[in-house]
There are 2 protein chains.
Amino acid sequence: MASLLVNGRPASTVGVADRGLLYGDGVFRTVRVRGGVPLDWSRQFRLLARDCAALDIACPDGATLREEIGRVAPADAIAKVIVTRGTGGRGYAPPDAAEPTRIVAAYPPPAGDDPAARDGVRVRRCALVLAEQPRLAGVKTLNRLENVLARAEWRDPAIREGLLGDARGRLVEGTMSNVFLATGGRLVTPDLSRCGVAGAQRERVVDLADAAGIACEIRDVDFAELHDAEEVFLTNSVIGLWPVVALDAQRWQPGPLARRLQALIGEADARGD
Amino acid sequence: MASLLVNGRPASTVGVADRGLLYGDGVFRTVRVRGGVPLDWSRQFRLLARDCAALDIACPDGATLREEIGRVAPADAIAKVIVTRGTGGRGYAPPDAAEPTRIVAAYPPPAGDDPAARDGVRVRRCALVLAEQPRLAGVKTLNRLENVLARAEWRDPAIREGLLGDARGRLVEGTMSNVFLATGGRLVTPDLSRCGVAGAQRERVVDLADAAGIACEIRDVDFAELHDAEEVFLTNSVIGLWPVVALDAQRWQPGPLARRLQALIGEADARGD
């Protein structure tokens, strides 16, 4: 089975002239596939289309992408969907009639015995400070050097994630995840209108919380608020939800809201949505 | 003649797993080739190596790159050198032992009859505001979406460049060039320690000015200083030096410092350095 399709055809390469390589001129999404079903696909595609629109890239057809995920991803897999603006244009100027490049790739699923979701994870605070670019904030673009530099700050495999903030000391996200704080039975997750990537799982958790009657506020969050948080957890579409149990000297236990949302995510996964 | 080499071999593609595509995890330089000689090559390579170091990417050997430029670039050409971190790593985490991908491509030179250098060009001020990321400032990385979005702001071919500023109203650069102001016989070009790309031609013009006894200051420049500037000009390694003759309602004439520096650049080009 092909594990990689470029514009619908088995291929392992893209042209050097592709603007995805030259400029990072494109977007992507990472999708968990279980039993051949791309989880939360309608949301994933909606966010992909929103991100394409943010760059004025014509988003490929959703049914085509879903069919291509089915072709590359076995029963249990991680699928990555990349859409670039394609080739052409004069320098940075986008071409008048670009034909986007769509890449659908499948990777092995995470190991089934990872205790991170059950036992929680240690995290660190990254030194890298995220730049504020409202035009790209929230968008999962191929310009990810900040994430690469932040993730390169540590090598200790016991530390599973790094938290990133902005120049004003606000907590924004993890290098590959979004972050939630819980206090007094209420959730808060950072606003991402100046920087950060708005993951599909973040939006899903906000929606699941809302449907379950759990208040969830999206607003600026100071890093110092972590000290008063009763629970902290991370989300993305691959890991699901990881409770944070240690940040530098601070300790938490996986708490009731993390457990409840893990259960709600599990139920949604089982429904295939 | 091959116009494209990937790791020294004729090729037109790179692997989809290349981190240059996935994350924009790489750097590049654009080099003018005349009579088979890559102009200002020692500077271009030094800046490429400096940019690789900023991302902790092992820079390819300079002699190898120069030889590969010679293989792809005919007597008169534009050569583009791209170095990515290569493939591998777990997500954003760079691999322990990455093998960088080097791409050397040749493009046709600019049309010989472009009057821009002689008559000057019209420019506009872009609405996009550059984000401040000191870790990447000055580095010519493959994360160039800000440039793409800024260049997409206008389609009028009579406008040859857009000027970009930061959130505090400072002038930083053009979308594909660096900018100089001249007043009272002295030059100033914006400091690029928070954002912007430090072009090789910018550094070359600073050095040529210095050698010619023309004072050139590198400092923060407010956009408003353009109103008092006697001359404004743009530089990059492909265009050389373009005088700016119009920005919105303001008008200039190509001035004596632009002409003198164009002559000095021409002499340096003729020497092949």
# chains A, B, ... in the order shown; residues from 1 in each chain; ligands from 1
$ closest_atom_pairs --of "chain A" --to "chain B" --cutoff "7 Å" --atoms "only C-alpha atoms" --output "JSON lines"
{"residue": "A:Ser12", "atom": "CA", "partner": "B:Gly15", "partner_atom": "CA", "distance": 5.8}
{"residue": "A:Thr13", "atom": "CA", "partner": "B:Gly15", "partner_atom": "CA", "distance": 4.2}
{"residue": "A:Val14", "atom": "CA", "partner": "B:Thr13", "partner_atom": "CA", "distance": 5.2}
{"residue": "A:Gly15", "atom": "CA", "partner": "B:Thr13", "partner_atom": "CA", "distance": 4.2}
{"residue": "A:Val16", "atom": "CA", "partner": "B:Thr13", "partner_atom": "CA", "distance": 4.9}
{"residue": "A:Gly20", "atom": "CA", "partner": "B:Leu21", "partner_atom": "CA", "distance": 5.7}
{"residue": "A:Leu21", "atom": "CA", "partner": "B:Leu21", "partner_atom": "CA", "distance": 4.3}
{"residue": "A:Leu22", "atom": "CA", "partner": "B:Leu142", "partner_atom": "CA", "distance": 6.0}
{"residue": "A:Tyr23", "atom": "CA", "partner": "B:Arg144", "partner_atom": "CA", "distance": 4.7}
{"residue": "A:Gly24", "atom": "CA", "partner": "B:Gly24", "partner_atom": "CA", "distance": 5.2}
{"residue": "A:Asp25", "atom": "CA", "partner": "B:Leu145", "partner_atom": "CA", "distance": 6.0}
{"residue": "A:Tyr92", "atom": "CA", "partner": "B:Val148", "partner_atom": "CA", "distance": 4.8}
{"residue": "A:Ala93", "atom": "CA", "partner": "B:Arg151", "partner_atom": "CA", "distance": 5.3}
{"residue": "A:Pro94", "atom": "CA", "partner": "B:Ala152", "partner_atom": "CA", "distance": 6.4}
{"residue": "A:Ala131", "atom": "CA", "partner": "B:Gln133", "partner_atom": "CA", "distance": 5.2}
{"residue": "A:Glu132", "atom": "CA", "partner": "B:Ala131", "partner_atom": "CA", "distance": 5.4}
{"residue": "A:Gln133", "atom": "CA", "partner": "B:Ala131", "partner_atom": "CA", "distance": 5.2}
{"residue": "A:Leu142", "atom": "CA", "partner": "B:Tyr23", "partner_atom": "CA", "distance": 5.0}
{"residue": "A:Asn143", "atom": "CA", "partner": "B:Asn143", "partner_atom": "CA", "distance": 4.7}
{"residue": "A:Arg144", "atom": "CA", "partner": "B:Tyr23", "partner_atom": "CA", "distance": 4.7}
{"residue": "A:Leu145", "atom": "CA", "partner": "B:Asp25", "partner_atom": "CA", "distance": 6.0}
{"residue": "A:Asn147", "atom": "CA", "partner": "B:Tyr92", "partner_atom": "CA", "distance": 6.3}
{"residue": "A:Val148", "atom": "CA", "partner": "B:Tyr92", "partner_atom": "CA", "distance": 4.8}
{"residue": "A:Arg151", "atom": "CA", "partner": "B:Ala93", "partner_atom": "CA", "distance": 5.3}
{"residue": "A:Ala152", "atom": "CA", "partner": "B:Ala93", "partner_atom": "CA", "distance": 5.6}
$ select_by_dssp --residues "region 41-235 of chain B" --states "strand (DSSP E or B)" --output "PyMOL selection string"
chain B and resi 76-84+101-107+121-130+138+141+159-166+170-174+178-183+186-190+197+216-219+221-222+231-235
$ residues_around --residues "region 240-245 of chain B" --least-positions-apart "3" --cutoff "8 Å" --atoms "only C-alpha atoms" --output "PyMOL selection string"
chain B and resi 116-123+201+231-237+251-255+258+261-262+265
$ write_last_selection --atoms "N, CA, C and O atoms" --output "compact mmCIF listing (two decimals), in the first residue's frame"
# COMPACT_ATOMS: atom_id res chain seq x y z
N ALA B 116 14.97 49.96 -14.45
CA ALA B 116 14.77 50.27 -13.03
C ALA B 116 16.02 50.86 -12.39
O ALA B 116 15.94 51.82 -11.63
N ALA B 117 17.18 50.28 -12.71
CA ALA B 117 18.41 50.79 -12.08
C ALA B 117 18.70 52.21 -12.55
O ALA B 117 19.19 53.04 -11.78
N ARG B 118 18.38 52.52 -13.78
CA ARG B 118 18.67 53.85 -14.33
C ARG B 118 17.63 54.88 -13.88
O ARG B 118 17.97 55.96 -13.37
N ASP B 119 16.35 54.53 -14.08
CA ASP B 119 15.28 55.51 -13.88
C ASP B 119 14.70 55.49 -12.47
O ASP B 119 13.98 56.42 -12.09
N GLY B 120 14.98 54.42 -11.73
CA GLY B 120 14.39 54.31 -10.40
C GLY B 120 13.03 53.64 -10.46
O GLY B 120 12.47 53.41 -11.54
N VAL B 121 12.50 53.31 -9.29
CA VAL B 121 11.26 52.52 -9.21
C VAL B 121 10.26 53.16 -8.26
O VAL B 121 10.62 53.90 -7.34
N ARG B 122 9.00 52.85 -8.52
CA ARG B 122 7.92 53.19 -7.59
C ARG B 122 7.77 52.06 -6.58
O ARG B 122 7.85 50.88 -6.92
N VAL B 123 7.54 52.45 -5.34
CA VAL B 123 7.31 51.45 -4.29
C VAL B 123 6.06 51.85 -3.50
O VAL B 123 5.54 52.96 -3.65
N GLN B 201 23.80 41.77 -0.49
CA GLN B 201 24.06 43.04 -1.17
C GLN B 201 23.99 44.21 -0.19
O GLN B 201 24.71 45.21 -0.37
N GLU B 231 17.66 60.77 -0.62
CA GLU B 231 17.65 59.64 -1.54
C GLU B 231 17.16 58.41 -0.79
O GLU B 231 17.40 58.27 0.42
N VAL B 232 16.51 57.53 -1.52
CA VAL B 232 16.13 56.23 -0.98
C VAL B 232 16.48 55.21 -2.06
O VAL B 232 16.23 55.45 -3.24
N PHE B 233 17.10 54.11 -1.65
CA PHE B 233 17.35 53.07 -2.66
C PHE B 233 17.27 51.68 -2.05
O PHE B 233 17.32 51.50 -0.84
N LEU B 234 17.09 50.72 -2.95
CA LEU B 234 16.90 49.31 -2.60
C LEU B 234 18.07 48.50 -3.13
O LEU B 234 18.61 48.81 -4.19
N THR B 235 18.41 47.45 -2.39
CA THR B 235 19.50 46.58 -2.85
C THR B 235 19.10 45.11 -2.72
O THR B 235 18.40 44.73 -1.80
N ASN B 236 19.52 44.33 -3.66
CA ASN B 236 19.65 42.88 -3.47
C ASN B 236 20.61 42.37 -4.53
O ASN B 236 21.02 43.13 -5.44
N SER B 237 20.98 41.11 -4.42
CA SER B 237 22.06 40.60 -5.27
C SER B 237 21.65 40.44 -6.72
O SER B 237 22.51 40.33 -7.60
N ARG B 251 8.04 61.95 -3.88
CA ARG B 251 8.86 61.75 -5.08
C ARG B 251 10.33 62.04 -4.77
O ARG B 251 10.64 62.91 -3.96
N TRP B 252 11.19 61.26 -5.39
CA TRP B 252 12.63 61.53 -5.33
C TRP B 252 13.21 61.44 -6.74
O TRP B 252 12.56 60.91 -7.65
N GLN B 253 14.44 61.87 -6.89
CA GLN B 253 15.21 61.62 -8.10
C GLN B 253 16.34 60.67 -7.74
O GLN B 253 16.82 60.69 -6.60
N PRO B 254 16.77 59.84 -8.69
CA PRO B 254 17.99 59.07 -8.42
C PRO B 254 19.11 60.05 -8.08
O PRO B 254 19.35 60.99 -8.84
N GLY B 255 19.75 59.84 -6.95
CA GLY B 255 20.67 60.86 -6.44
C GLY B 255 22.13 60.46 -6.57
O GLY B 255 22.47 59.36 -7.04
N ALA B 258 23.30 57.16 -4.80
CA ALA B 258 22.86 55.96 -5.53
C ALA B 258 23.76 55.74 -6.75
O ALA B 258 24.20 54.61 -7.01
N LEU B 261 27.26 54.55 -5.68
CA LEU B 261 27.29 53.16 -5.23
C LEU B 261 27.01 52.20 -6.39
O LEU B 261 27.59 51.11 -6.44
N GLN B 262 26.14 52.58 -7.32
CA GLN B 262 25.95 51.73 -8.50
C GLN B 262 27.28 51.55 -9.24
O GLN B 262 27.59 50.44 -9.69
N ILE B 265 29.45 49.21 -7.22
CA ILE B 265 28.97 47.83 -7.39
C ILE B 265 29.40 47.30 -8.75
O ILE B 265 29.88 46.16 -8.87
$ atom_distance --atom1 "CA of Arg124 (chain A)" --atom2 "CA of Ser177 (chain A)"
13.1 Å
$ closest_residue --among "B:Val188, B:Leu208, B:Ala198, B:Leu264" --to "Gln44 (chain B)" --atoms "only C-alpha atoms"
B:Ala198
